[in-house]
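Enquirer: run23.txt is reproduced below (compact mmCIF, C-alpha atoms).
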```
# COMPACT_ATOMS: atom_id res chain seq x y z
CA MET A 1488 -112.62 182.95 96.57
CA SER A 1489 -110.80 179.88 97.84
CA ASP A 1490 -110.87 176.32 96.52
CA ASP A 1491 -113.08 175.43 99.48
CA ASP A 1492 -115.90 177.57 98.04
CA LEU A 1493 -116.30 175.44 94.91
CA GLU A 1494 -117.92 172.07 94.53
CA LEU A 1495 -117.59 170.18 91.28
CA VAL A 1496 -120.62 168.06 90.50
CA ARG A 1497 -120.61 165.70 87.53
CA GLY A 1498 -123.88 165.75 85.61
CA SER A 1499 -125.72 162.69 84.41
CA GLY A 1500 -125.53 163.79 80.77
CA ASN A 1501 -129.19 164.82 80.88
CA VAL A 1502 -129.78 168.30 82.26
CA PHE A 1503 -133.49 167.58 82.69
CA ARG A 1504 -132.70 164.62 84.95
CA ASP A 1505 -130.14 166.68 86.88
CA LEU A 1506 -132.82 169.32 87.50
CA GLY A 1507 -135.34 166.70 88.65
CA HIS A 1508 -137.78 167.02 85.75
CA PRO A 1509 -140.31 164.22 85.33
CA ASN A 1510 -139.89 162.41 81.99
CA ALA A 1511 -136.34 163.72 81.70
CA ASP A 1512 -135.37 161.31 78.92
CA ALA A 1513 -138.31 162.37 76.74
CA GLU A 1514 -137.55 166.04 77.43
CA GLN A 1515 -133.94 165.60 76.36
CA LEU A 1516 -134.94 163.79 73.18
CA ARG A 1517 -137.40 166.57 72.30
CA ALA A 1518 -134.66 169.15 72.87
CA ILE A 1519 -132.23 167.22 70.65
CA LEU A 1520 -134.81 166.93 67.85
CA ALA A 1521 -135.71 170.62 68.13
CA ALA A 1522 -132.04 171.57 67.98
CA GLU A 1523 -131.68 169.57 64.78
CA ILE A 1524 -134.71 171.31 63.26
CA ILE A 1525 -133.17 174.68 64.11
CA HIS A 1526 -129.87 173.51 62.61
CA VAL A 1527 -131.60 172.59 59.33
CA LEU A 1528 -133.42 175.94 59.19
CA ASP A 1529 -130.17 177.81 59.82
CA GLU A 1530 -128.15 175.69 57.40
CA ARG A 1531 -130.66 176.30 54.62
CA GLU A 1532 -131.23 179.91 55.72
CA LEU A 1533 -134.99 179.29 55.82
CA THR A 1534 -137.45 181.69 57.37
CA VAL A 1535 -140.34 180.16 59.29
CA ARG A 1536 -142.63 181.07 56.37
CA GLN A 1537 -140.34 179.32 53.88
CA ALA A 1538 -140.18 176.27 56.16
CA GLU A 1539 -143.99 176.27 56.30
CA GLY A 1540 -144.13 176.32 52.50
CA LEU A 1541 -141.72 173.38 52.23
CA THR A 1542 -143.26 171.20 54.93
CA GLY A 1543 -146.87 172.19 55.41
CA ILE A 1544 -146.09 172.71 59.11
CA ALA A 1545 -147.38 176.03 60.46
CA ALA A 1546 -144.86 178.87 60.63
CA ALA A 1547 -145.98 179.44 64.24
CA ASP A 1548 -144.75 175.93 65.09
CA PHE A 1549 -141.32 176.71 63.66
CA SER A 1550 -141.30 179.92 65.70
CA ARG A 1551 -142.12 177.93 68.85
CA ILE A 1552 -139.31 175.49 68.11
CA ARG A 1553 -136.84 178.34 67.58
CA ARG A 1554 -137.83 179.73 71.00
CA ALA A 1555 -137.49 176.24 72.58
CA ASN A 1556 -141.16 176.35 73.53
CA LEU A 1557 -141.66 172.63 73.04
CA SER A 1558 -144.65 171.94 75.30
CA ARG A 1559 -146.98 171.45 72.30
CA PHE A 1560 -144.72 169.00 70.53
CA THR A 1561 -144.57 165.25 70.86
CA ILE A 1562 -141.45 163.34 69.92
CA ASP A 1563 -143.17 161.84 66.89
CA ARG A 1564 -144.32 165.27 65.69
CA LEU A 1565 -140.75 166.62 65.88
CA MET A 1566 -139.55 163.54 63.99
CA THR A 1567 -142.22 164.16 61.33
CA ILE A 1568 -141.04 167.75 60.94
CA LEU A 1569 -137.47 166.54 60.44
CA ASN A 1570 -138.67 163.99 57.87
CA ARG A 1571 -140.46 166.76 55.98
CA LEU A 1572 -137.19 168.71 56.02
CA ASN A 1573 -135.61 165.67 54.28
CA ARG A 1574 -133.84 164.41 57.40
CA LYS A 1575 -133.89 160.74 58.29
CA VAL A 1576 -134.17 160.15 62.04
CA GLU A 1577 -132.66 156.99 63.51
CA VAL A 1578 -133.38 156.10 67.12
CA THR A 1579 -131.47 153.57 69.21
CA VAL A 1580 -132.98 152.45 72.49
CA THR A 1581 -131.04 151.07 75.42
CA VAL A 1582 -132.96 150.10 78.55
CA GLN A 1583 -131.12 150.02 81.87
CA PRO A 1584 -132.21 150.02 85.50
CA PHE A 1585 -132.09 153.41 87.20
CA SER A 1586 -129.01 154.03 89.30
CA ALA A 1587 -129.83 157.61 90.23
CA PRO A 1588 -129.54 158.55 93.88
CA GLY A 1589 -132.85 158.31 95.70
CA VAL A 1590 -134.50 156.19 93.02
CA PRO A 1591 -135.01 152.62 94.26
CA ALA A 1592 -134.46 149.85 91.76
CA GLN A 1593 -137.69 147.98 91.05
CA ALA A 1594 -137.65 144.26 91.75
CA HIS A 1595 -139.10 142.11 88.97
CA PRO A 1596 -140.46 138.64 89.61
```
Let me see the file written as structure tokens.
Expert:
Amino acid sequence: MSDDDLELVRGSGNVFRDLGHPNADAEQLRAILAAEIIHVLDERELTVRQAEGLTGIAAADFSRIRRANLSRFTIDRLMTILNRLNRKVEVTVTVQPFSAPGVPAQAHP
């Protein structure tokens, strides 16, 4: 394999955006929140049944989160789960115009 066979592409920092997913920012935030839930479960060595007992959230939901099956979860639901696991969630929002290739900037009056 020669150097000519490789192309280095710098990602945007959001894999969902890089793959062209709609709502990429929301998808990334859900993934980050789910990863933190998994981290708490692992750190405390909690089974999904124990997590259910502590939070009142169904064990099946914790199983879905562990498998990264997040389609049933809203951002606020994931934040609620973290709160019930005694984690404070702080969100900072920065709004910027899109500069992605192929996405025209919207003119505002």
Enquirer: Segment 1551-1567 of chain A: which residues within 8 Å, counting all atoms listed in the file, same-chain residues fewer than 5 positions away excluded, as a PyMOL selection string?
Expert: chain A and resi 1513+1516-1518+1520-1521+1524-1525+1576
Enquirer: Once you have the residues from the selection above, write them out as a compact mmCIF listing (two decimals), in the coordinates of the input, restricted to C-alpha atoms.
Expert:
```
# COMPACT_ATOMS: atom_id res chain seq x y z
CA ALA A 1513 -138.31 162.37 76.74
CA LEU A 1516 -134.94 163.79 73.18
CA ARG A 1517 -137.40 166.57 72.30
CA ALA A 1518 -134.66 169.15 72.87
CA LEU A 1520 -134.81 166.93 67.85
CA ALA A 1521 -135.71 170.62 68.13
CA ILE A 1524 -134.71 171.31 63.26
CA ILE A 1525 -133.17 174.68 64.11
CA VAL A 1576 -134.17 160.15 62.04
```
Enquirer: How big is the axis-aligned box around all listed atoms of segment 1498-1502 of chain A once 8 Å goes on each side, and where's its centre, in Å to one decimal, as lines of an AutoDock Vina configuration file?
Expert:
```
center_x = -126.8
center_y = 165.5
center_z = 83.2
size_x = 21.9
size_y = 21.6
size_z = 20.8
```
Enquirer: Just to confirm, what's the straight-line distance from atom CA of Ala1546 of chain A to atom CA of Arg1574 of chain A in Å (one decimal)?
Expert: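 Distance between the two atoms: 18.5 Å.
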Enquirer: Taking all atoms listed in the file into account, name the residue in A:Asp1491, A:Asp1512, A:Glu1530, A:Glu1523 that is nearest to Val1580 of chain A.
Expert: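 Between A:Asp1491, A:Asp1512, A:Glu1530, A:Glu1523, the residue approaching Val1580 of chain A most closely is A:Asp1512.
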Enquirer: From the set A:Thr1581, A:Arg1497, A:Ile1519, A:Phe1549, which residue has the shortest atom-to-atom contact distance to Leu1533 of chain A, counting only C-alpha atoms?
Expert: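 Looking only at the distances to Leu1533 of chain A, the closest residue turns out to be A:Phe1549.
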Enquirer: Mind giving me the straight-line distance from atom CA of Ser1499 of chain A to atom CA of Ala1511 of chain A in Å, one decimal?
Expert: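 Straight-line distance from atom CA of Ser1499 of chain A to atom CA of Ala1511 of chain A works out to 11.0 Å.
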Enquirer: Work out how far apart atom CA of Gly1500 of chain A and atom CA of Val1578 of chain A are and give it in Å to one decimal.
Expert: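 Here the two named atoms are 17.5 Å from each other.
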